[in-house]
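**Q** Just dropping this structure here.
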Amino acid sequence: MIWTGGVGKADLATGRDADADTMFRIGSMTNGFVALSILQLQEKGKLSLDAKVADVAPEVPIVNQWEPTDPVRIANLLEHTAGFDDFPLAEFFDFTNQPRVPLLTTLQRFPEPQHVRWRPGTFAAYSNPGYAVAGYIIEKVTGQPFEDYVGANILRPLGMTHSDLRLTPQVKAALAQGYEFDPPRPVPYLPILLRPAGEMKSSANEMARFVRMMLNRGELDGVRIVSADSIARMEVSKTSLAARSGLRYGYGFGNSAQVDQAFITHGHDGGLDEFLSDYRYIPDLGVGYFFSVNDSQSSNGPHELDDLLLAYLTRGKNPPPKTPEMQLDSRIENATGLYELASPRAEWAQFIAELALTGWTYIDKGRLYRRGLIPGQPEALVYLGDGQFRTEKEAAASGVYCSDQDGSRYGCGALACFRLVSPVWPIARLVLMASALLVMASSILFAFVWMPRKLIGRMRGVGNLSVRVVPLLAVLSVIAMFCPAWGQPPVVLGQIDAVTVAILVMSILFPVLSLISLALAMRSFRFEMNRVVRVHSIAVAVACCGITWFFAYWGLIGVRIWAL
């Protein structure tokens with residue numbers, strides 16, 4: 001140990017200082033404890049990483065059209081390569097006030113995330129339900145609650161005597177209060193239904209023991225948790241298309257490799273209820289760290305802390321040499337073009353990724369570059385051969401250009417894959433969408449012209465105002481559909497209340513008003529009317545109907561946001 005301690009306040013209301021024993025919600029770091037438990041059970045001969053989930057736990061609802069040839073295996077759950085969606089908002093927080101909702105009950109109540117979206121073992125996309133399924137498998141194999149197994153076989157043997165997945169009286173007394181926004185507002189503690197995905201509470205002193213165990217390759221103070229081979233397996237990805245294409249550093253078993261510094265680190269971060277945490281370690285140097293903060297306004301702070309702590313721990317150390325740049329080959333020449341996200345973490349948000357287009361990969365004067373949709377400074381890529389690349393500052397390959405068994409081409413990183421597509425329709429779609437939104441926005445600007453004139457009596461004798469009013473109301477309704485969600489935490493959007501009901505109502509009102517506005521605009525040809533006003537009203541109505549079609553395609557009409 002070098003140092004443990006606390007800075008600032010654990011609770012502003014009581015003035016309680018943070019110290020090395022203050023407990024924090026460490027969120028997704030819980031994944032590492034799930035992975036250790038699975039590996040420990042494999043070493044005991046009680047399960048296999050290659051086992052089919054459908055064989056081990058057929059009662060878990062999984063829909064996989066590729067099951068005969070590509071089943072979901074336990075290893076896929078741990079590497080986020082099962083093809084699962086992420087959780088809907090209602091599946092995350094537990095609003096029932098029940099002592100403990102069984103994991104199987106939650107998985108059966110919310111089966112949609114387990115509808116496999118692509119061939120298992122192809123793309124990696126972060127999925128909290130995948131780790132909930134892994135936690136349930138631990139329960140089924142051991143015959144005891146997941147929390148009990150982790151406590152008895154991982155936490156207590158490591159000397160993590162206070163850390164717990166449950167909110168025990170001891171944990172509650174030592175737990176820091178989470179805060180959001182500025183000025184800080186306390187966030188109430190809510191348990192999560194997917195407990196294996198993020199319900200661990202721990203302190204700096206006890207997470208230091210966890211990091212030391214990882215550095216000691218599964219052993220701490222003479223107690224071995226898992227073998228060194230199991231720790232090594234945690235640190236690499238093997239089940240994704242990117243891994244099979246040669247990408248060495250990615251997301252392993254509850255453990256993520258980071259290559260964006262001079263030294264390659266391993267670990268995991270976590271965020272939950274305004275707590276932000278991270279742990280990192282470098283096996284070759286025998287150094288690592290953990291920290292947690294309890295203020296959502298510190299969103300940039302963790303990155304700065306990572307940089308500072310890593311710089312301190314590696315001071316005076318020479319980083320390993322980087323793989324030199326290779327000459328571009330035909331594999332890269334065939335990989336240039338426009339890319340769209342192929343592995344969205346949340347399927348309902350795929351339309352955002354498609355509109356964003358992601359960006360271009362291109363070659364200029366013998367160098368490989370990529371840039372985003374918005375024109376700006378391109379990013380130079382260093383080609384490492386075999387389709388692999390990194391940026392100038394990265395220590396190792398962060399991505400690879402590859403093809404799947406169907407011949408489709410991708411650019412893949414640790415937890416995302418992007419598909420090479422023809423630019424014609426994506427660009428046309430973006431232009432049409434942008435044009436429609438601009439036309440719709442013009443109705444608001446136009447209203448600032450005619451509404452004051454109407455109020456001061458300058459439009460006497462001008463009739464059929466509905467041709468102007470209804471399209472304007474349609475535009476305002478779609479704006480209102482999104483405005484209530486701005487700044488709202490998931491705890492609000494995951495349940496039925498005034499905000500989420502308002503979003504539902506507006507998502508129905510918009511298409512209704514859009515169709516009515518188009519009907520009124522067409523009907524306006526029956527009577528005398530200013531030609532500019534008629535043309536503009538038709539344009540706004542057509543734009544609104546175009547957006548309505550887009551919403552209908554993506555299931556955004558009558559949207560129950562608490563079910564997304």
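Going by the structure tokens order, chains are called A, B, ..., each with residues numbered from 1, while ligands are numbered from 1 in the order shown.
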Which residues are close to segment 87-95 of chain A, i.e. within 12 Å by only C-alpha atoms, leaving aside same-chain residues fewer than 6 positions away? Reply as a ChimeraX atom specification.
**A** /A:27,101-103,105-115,126-132,188-199,272-273,345-349,489-496,500,560-564
**Q** Which residues are near Leu476 of chain A? Cut-off 12 Å, only C-alpha atoms, ignore same chain within fewer than 2 positions. Put them as an MDAnalysis selection string.
**A** chainID A and resid 440:444 447 469:474 478:483 506:507 509:511 513:514 544
**Q** For the residues selected in the previous step, produce a file with C-alpha atoms as a PDB file, in the first residue's frame.
**A**
ATOM      1  CA  MET A 440     -40.569  23.037 -39.162  1.00  0.00           C
ATOM      2  CA  ALA A 441     -38.488  25.581 -37.262  1.00  0.00           C
ATOM      3  CA  SER A 442     -39.460  28.235 -39.785  1.00  0.00           C
ATOM      4  CA  SER A 443     -43.087  27.932 -38.642  1.00  0.00           C
ATOM      5  CA  ILE A 444     -42.023  29.286 -35.255  1.00  0.00           C
ATOM      6  CA  ALA A 447     -45.453  32.904 -36.054  1.00  0.00           C
ATOM      7  CA  VAL A 469     -52.012  27.370 -36.321  1.00  0.00           C
ATOM      8  CA  VAL A 470     -52.213  23.573 -36.582  1.00  0.00           C
ATOM      9  CA  PRO A 471     -48.730  23.061 -38.166  1.00  0.00           C
ATOM     10  CA  LEU A 472     -47.330  25.392 -35.514  1.00  0.00           C
ATOM     11  CA  LEU A 473     -48.964  23.323 -32.773  1.00  0.00           C
ATOM     12  CA  ALA A 474     -47.531  20.139 -34.314  1.00  0.00           C
ATOM     13  CA  VAL A 478     -42.652  17.585 -30.895  1.00  0.00           C
ATOM     14  CA  ILE A 479     -40.459  20.117 -29.088  1.00  0.00           C
ATOM     15  CA  ALA A 480     -42.459  19.518 -25.916  1.00  0.00           C
ATOM     16  CA  MET A 481     -42.036  15.780 -26.416  1.00  0.00           C
ATOM     17  CA  PHE A 482     -38.307  16.076 -25.837  1.00  0.00           C
ATOM     18  CA  CYS A 483     -38.065  19.081 -23.529  1.00  0.00           C
ATOM     19  CA  MET A 506     -46.953  14.596 -27.006  1.00  0.00           C
ATOM     20  CA  SER A 507     -45.675  11.612 -29.004  1.00  0.00           C
ATOM     21  CA  LEU A 509     -50.370  14.489 -30.403  1.00  0.00           C
ATOM     22  CA  PHE A 510     -47.565  15.280 -32.852  1.00  0.00           C
ATOM     23  CA  PRO A 511     -48.529  12.739 -35.562  1.00  0.00           C
ATOM     24  CA  LEU A 513     -51.600  17.298 -35.606  1.00  0.00           C
ATOM     25  CA  SER A 514     -49.220  16.593 -38.480  1.00  0.00           C
ATOM     26  CA  CYS A 544     -44.126  17.165 -40.038  1.00  0.00           C
TER      27      CYS A 544
END
**Q** Residues near segment 65-68 of chain A, anyone? I mean within 8 Å using only C-alpha atoms, not counting same-chain ones fewer than 3 positions away, as a ChimeraX atom specification.
**A** /A:71-72,116,119-120
**Q** Could you write those residues out with all heavy atoms, as a PDB file, in the first residue's frame?
**A**
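Written out: again00.pdb:
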ATOM      1  N   PRO A  71     -24.982 -20.403 -30.233  1.00  0.00           N
ATOM      2  CA  PRO A  71     -25.723 -20.182 -28.991  1.00  0.00           C
ATOM      3  C   PRO A  71     -25.059 -19.126 -28.118  1.00  0.00           C
ATOM      4  O   PRO A  71     -23.869 -18.820 -28.279  1.00  0.00           O
ATOM      5  CB  PRO A  71     -25.670 -21.555 -28.321  1.00  0.00           C
ATOM      6  CG  PRO A  71     -24.381 -22.151 -28.812  1.00  0.00           C
ATOM      7  CD  PRO A  71     -24.244 -21.678 -30.239  1.00  0.00           C
ATOM      8  N   VAL A  72     -25.826 -18.580 -27.211  1.00  0.00           N
ATOM      9  CA  VAL A  72     -25.273 -17.679 -26.200  1.00  0.00           C
ATOM     10  C   VAL A  72     -24.598 -18.525 -25.134  1.00  0.00           C
ATOM     11  O   VAL A  72     -25.229 -19.385 -24.512  1.00  0.00           O
ATOM     12  CB  VAL A  72     -26.374 -16.799 -25.574  1.00  0.00           C
ATOM     13  CG1 VAL A  72     -25.786 -15.947 -24.443  1.00  0.00           C
ATOM     14  CG2 VAL A  72     -27.025 -15.915 -26.626  1.00  0.00           C
ATOM     15  N   VAL A 116     -31.728 -11.569 -28.831  1.00  0.00           N
ATOM     16  CA  VAL A 116     -30.391 -11.430 -29.412  1.00  0.00           C
ATOM     17  C   VAL A 116     -30.481 -10.672 -30.731  1.00  0.00           C
ATOM     18  O   VAL A 116     -31.245 -11.044 -31.627  1.00  0.00           O
ATOM     19  CB  VAL A 116     -29.749 -12.816 -29.606  1.00  0.00           C
ATOM     20  CG1 VAL A 116     -28.385 -12.681 -30.256  1.00  0.00           C
ATOM     21  CG2 VAL A 116     -29.640 -13.537 -28.261  1.00  0.00           C
ATOM     22  N   ARG A 119     -25.611 -12.103 -34.405  1.00  0.00           N
ATOM     23  CA  ARG A 119     -25.038 -13.418 -34.134  1.00  0.00           C
ATOM     24  C   ARG A 119     -24.147 -13.359 -32.885  1.00  0.00           C
ATOM     25  O   ARG A 119     -23.189 -12.573 -32.838  1.00  0.00           O
ATOM     26  CB  ARG A 119     -24.221 -13.889 -35.336  1.00  0.00           C
ATOM     27  CG  ARG A 119     -23.852 -15.354 -35.327  1.00  0.00           C
ATOM     28  CD  ARG A 119     -22.990 -15.689 -36.535  1.00  0.00           C
ATOM     29  NE  ARG A 119     -23.659 -15.375 -37.782  1.00  0.00           N
ATOM     30  CZ  ARG A 119     -24.503 -16.180 -38.404  1.00  0.00           C
ATOM     31  NH1 ARG A 119     -24.777 -17.356 -37.874  1.00  0.00           N
ATOM     32  NH2 ARG A 119     -25.067 -15.825 -39.547  1.00  0.00           N
ATOM     33  N   PRO A 120     -24.433 -14.146 -31.831  1.00  0.00           N
ATOM     34  CA  PRO A 120     -23.596 -14.122 -30.624  1.00  0.00           C
ATOM     35  C   PRO A 120     -22.125 -14.364 -30.962  1.00  0.00           C
ATOM     36  O   PRO A 120     -21.801 -15.190 -31.817  1.00  0.00           O
ATOM     37  CB  PRO A 120     -24.170 -15.261 -29.776  1.00  0.00           C
ATOM     38  CG  PRO A 120     -25.598 -15.358 -30.207  1.00  0.00           C
ATOM     39  CD  PRO A 120     -25.579 -15.052 -31.678  1.00  0.00           C
TER      40      PRO A 120
END
**Q** In terms of the shortest atom-to-atom distance over only C-alpha atoms, which of A:Ala134, A:Ile231, A:Val542, A:Leu445 is closest to Val60 of chain A?
**A**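 Between A:Ala134, A:Ile231, A:Val542, A:Leu445, the residue approaching Val60 of chain A most closely is A:Ala134.
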**Q** Restricting the calculation to only C-alpha atoms: of A:Val150, A:Ile538, A:Met160, A:Val293, which residue gets closest to Gln177 of chain A?
**A**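 Of A:Val150, A:Ile538, A:Met160, A:Val293, the one nearest Gln177 of chain A, counting only C-alpha atoms, is A:Val293.
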**Q** Could you give me the residues within segment 83-197 of chain A that DSSP places in alpha helix (DSSP H), as a ChimeraX atom specification?
**A** /A:103-109,128-142,146-150,169-174
**Q** Mind checking which residues fall within 7 Å of segment 315-325 of chain A, counting only C-alpha atoms, ignoring those fewer than 2 positions away in the same chain, and posting them as a PyMOL selection string?
**A** chain A and resi 262-263+311-313+327+382-384+395-396
**Q** Export all heavy atoms of the chosen residues as a PDB file, in the first residue's frame?
**A**
ATOM      1  N   ALA A 262       0.348   6.164 -22.097  1.00  0.00           N
ATOM      2  CA  ALA A 262       1.640   5.567 -22.469  1.00  0.00           C
ATOM      3  C   ALA A 262       1.742   4.128 -21.991  1.00  0.00           C
ATOM      4  O   ALA A 262       2.429   3.301 -22.604  1.00  0.00           O
ATOM      5  CB  ALA A 262       2.784   6.401 -21.901  1.00  0.00           C
ATOM      6  N   PHE A 263       1.066   3.823 -20.865  1.00  0.00           N
ATOM      7  CA  PHE A 263       1.058   2.467 -20.322  1.00  0.00           C
ATOM      8  C   PHE A 263      -0.336   1.867 -20.482  1.00  0.00           C
ATOM      9  O   PHE A 263      -1.344   2.547 -20.278  1.00  0.00           O
ATOM     10  CB  PHE A 263       1.437   2.474 -18.842  1.00  0.00           C
ATOM     11  CG  PHE A 263       2.874   2.818 -18.570  1.00  0.00           C
ATOM     12  CD1 PHE A 263       3.257   4.142 -18.434  1.00  0.00           C
ATOM     13  CD2 PHE A 263       3.837   1.826 -18.463  1.00  0.00           C
ATOM     14  CE1 PHE A 263       4.579   4.476 -18.188  1.00  0.00           C
ATOM     15  CE2 PHE A 263       5.159   2.154 -18.212  1.00  0.00           C
ATOM     16  CZ  PHE A 263       5.539   3.481 -18.084  1.00  0.00           C
ATOM     17  N   ALA A 311       0.078   9.119 -13.867  1.00  0.00           N
ATOM     18  CA  ALA A 311       1.361   9.820 -14.009  1.00  0.00           C
ATOM     19  C   ALA A 311       2.209   9.647 -12.753  1.00  0.00           C
ATOM     20  O   ALA A 311       3.429   9.463 -12.830  1.00  0.00           O
ATOM     21  CB  ALA A 311       1.122  11.298 -14.284  1.00  0.00           C
ATOM     22  N   TYR A 312       1.559   9.701 -11.593  1.00  0.00           N
ATOM     23  CA  TYR A 312       2.299   9.535 -10.328  1.00  0.00           C
ATOM     24  C   TYR A 312       2.868   8.123 -10.201  1.00  0.00           C
ATOM     25  O   TYR A 312       4.048   7.931  -9.857  1.00  0.00           O
ATOM     26  CB  TYR A 312       1.376   9.838  -9.148  1.00  0.00           C
ATOM     27  CG  TYR A 312       1.993   9.530  -7.805  1.00  0.00           C
ATOM     28  CD1 TYR A 312       2.972  10.357  -7.261  1.00  0.00           C
ATOM     29  CD2 TYR A 312       1.619   8.396  -7.091  1.00  0.00           C
ATOM     30  CE1 TYR A 312       3.559  10.065  -6.027  1.00  0.00           C
ATOM     31  CE2 TYR A 312       2.191   8.098  -5.868  1.00  0.00           C
ATOM     32  CZ  TYR A 312       3.159   8.927  -5.341  1.00  0.00           C
ATOM     33  OH  TYR A 312       3.741   8.639  -4.129  1.00  0.00           O
ATOM     34  N   LEU A 313       2.035   7.115 -10.508  1.00  0.00           N
ATOM     35  CA  LEU A 313       2.468   5.735 -10.309  1.00  0.00           C
ATOM     36  C   LEU A 313       3.513   5.287 -11.324  1.00  0.00           C
ATOM     37  O   LEU A 313       4.253   4.341 -11.066  1.00  0.00           O
ATOM     38  CB  LEU A 313       1.250   4.802 -10.379  1.00  0.00           C
ATOM     39  CG  LEU A 313       0.261   4.922  -9.211  1.00  0.00           C
ATOM     40  CD1 LEU A 313      -0.974   4.090  -9.480  1.00  0.00           C
ATOM     41  CD2 LEU A 313       0.910   4.483  -7.910  1.00  0.00           C
ATOM     42  N   GLN A 327       3.207   0.204 -43.602  1.00  0.00           N
ATOM     43  CA  GLN A 327       2.717   0.764 -44.856  1.00  0.00           C
ATOM     44  C   GLN A 327       1.293   0.268 -45.113  1.00  0.00           C
ATOM     45  O   GLN A 327       0.959  -0.887 -44.852  1.00  0.00           O
ATOM     46  CB  GLN A 327       3.633   0.353 -46.010  1.00  0.00           C
ATOM     47  CG  GLN A 327       3.272   0.995 -47.339  1.00  0.00           C
ATOM     48  CD  GLN A 327       4.287   0.660 -48.412  1.00  0.00           C
ATOM     49  OE1 GLN A 327       5.305   0.017 -48.138  1.00  0.00           O
ATOM     50  NE2 GLN A 327       4.027   1.084 -49.636  1.00  0.00           N
ATOM     51  N   VAL A 382      -2.555   5.487 -36.930  1.00  0.00           N
ATOM     52  CA  VAL A 382      -1.303   4.775 -37.165  1.00  0.00           C
ATOM     53  C   VAL A 382      -1.642   3.330 -37.515  1.00  0.00           C
ATOM     54  O   VAL A 382      -2.217   2.604 -36.695  1.00  0.00           O
ATOM     55  CB  VAL A 382      -0.393   4.835 -35.925  1.00  0.00           C
ATOM     56  CG1 VAL A 382       0.896   4.040 -36.171  1.00  0.00           C
ATOM     57  CG2 VAL A 382      -0.079   6.272 -35.552  1.00  0.00           C
ATOM     58  N   TYR A 383      -1.306   2.925 -38.714  1.00  0.00           N
ATOM     59  CA  TYR A 383      -1.627   1.566 -39.157  1.00  0.00           C
ATOM     60  C   TYR A 383      -0.556   0.602 -38.657  1.00  0.00           C
ATOM     61  O   TYR A 383       0.641   0.829 -38.840  1.00  0.00           O
ATOM     62  CB  TYR A 383      -1.725   1.505 -40.679  1.00  0.00           C
ATOM     63  CG  TYR A 383      -2.132   0.148 -41.190  1.00  0.00           C
ATOM     64  CD1 TYR A 383      -3.280  -0.468 -40.721  1.00  0.00           C
ATOM     65  CD2 TYR A 383      -1.355  -0.528 -42.146  1.00  0.00           C
ATOM     66  CE1 TYR A 383      -3.667  -1.715 -41.187  1.00  0.00           C
ATOM     67  CE2 TYR A 383      -1.734  -1.775 -42.621  1.00  0.00           C
ATOM     68  CZ  TYR A 383      -2.893  -2.361 -42.126  1.00  0.00           C
ATOM     69  OH  TYR A 383      -3.258  -3.601 -42.583  1.00  0.00           O
ATOM     70  N   LEU A 384      -1.021  -0.510 -38.034  1.00  0.00           N
ATOM     71  CA  LEU A 384      -0.099  -1.455 -37.407  1.00  0.00           C
ATOM     72  C   LEU A 384      -0.033  -2.789 -38.146  1.00  0.00           C
ATOM     73  O   LEU A 384       0.632  -3.711 -37.679  1.00  0.00           O
ATOM     74  CB  LEU A 384      -0.525  -1.702 -35.953  1.00  0.00           C
ATOM     75  CG  LEU A 384      -0.684  -0.448 -35.086  1.00  0.00           C
ATOM     76  CD1 LEU A 384      -1.170  -0.821 -33.694  1.00  0.00           C
ATOM     77  CD2 LEU A 384       0.629   0.314 -35.009  1.00  0.00           C
ATOM     78  N   ALA A 395      -1.138   3.585 -26.802  1.00  0.00           N
ATOM     79  CA  ALA A 395       0.000   2.695 -26.605  1.00  0.00           C
ATOM     80  C   ALA A 395      -0.082   1.434 -27.452  1.00  0.00           C
ATOM     81  O   ALA A 395       0.936   0.772 -27.671  1.00  0.00           O
ATOM     82  CB  ALA A 395       0.093   2.318 -25.125  1.00  0.00           C
ATOM     83  N   ALA A 396      -1.274   1.061 -27.880  1.00  0.00           N
ATOM     84  CA  ALA A 396      -1.446  -0.175 -28.653  1.00  0.00           C
ATOM     85  C   ALA A 396      -2.690  -0.030 -29.521  1.00  0.00           C
ATOM     86  O   ALA A 396      -3.396   0.984 -29.458  1.00  0.00           O
ATOM     87  CB  ALA A 396      -1.572  -1.379 -27.717  1.00  0.00           C
TER      88      ALA A 396
END
**Q** Please identify all polymer residues within 12 Å of Pro186 of chain A, counting only C-alpha atoms, omitting same-chain residues fewer than 5 positions from it, and present them as number ranges by chain.
**A** A: 10-13, 176-181, 273-275, 294-296
**Q** Using only C-alpha atoms, which residues sit within 12 Å of segment 15-17 of chain A once same-chain residues fewer than 5 positions away are excluded, as JSON, numbers by chain?
**A** {"A": [5, 6, 7, 8, 9, 10, 22, 23, 173, 174, 175, 176, 177]}
**Q** Rank nothing, just name the residue among A:Val226, A:Ala436, A:Ala242, A:Met214 nearest to Tyr401 of chain A, using only C-alpha atoms.
**A**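 That would be A:Ala242, the residue with the smallest distance to Tyr401 of chain A.
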**Q** Could you pull the residues within 10 Å of Pro283 of chain A, counting only C-alpha atoms, minus those fewer than 3 positions along the same chain, as a list of chain:residue names?
**A**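 Contacts, with the query itself left out: A:Met214, A:Leu215, A:Asn216, A:Arg217, A:Ile264, A:Thr265, A:His266, A:Arg280, A:Gly286, A:Val287, A:Gly288.
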**Q** Return as a PyMOL selection string the full set of residues in segment 177-333 of chain A whose backbone-based DSSP assignment is strand (DSSP E).
**A** chain A and resi 179-180+185-186+201-203+219-220+223-224+256-258+265-272+275-282+287-293
**Q** Work out how far atom CA of Asp364 of chain A is from atom CA of Glu333 of chain A, in Å to one decimal.
**A**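 Interatomic distance here is 11.1 Å.
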**Q** Between A:Lys238, A:Arg212, A:His536, A:Arg453, which is the closest to Val439 of chain A once you count only C-alpha atoms?
**A**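 Of A:Lys238, A:Arg212, A:His536, A:Arg453, the one nearest Val439 of chain A, counting only C-alpha atoms, is A:His536.
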**Q** Grab the atom CA of Ala335 of chain A to atom CA of Gln258 of chain A distance for me, in Å with one decimal place.
**A**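 Between these atoms lies a distance of 24.3 Å.
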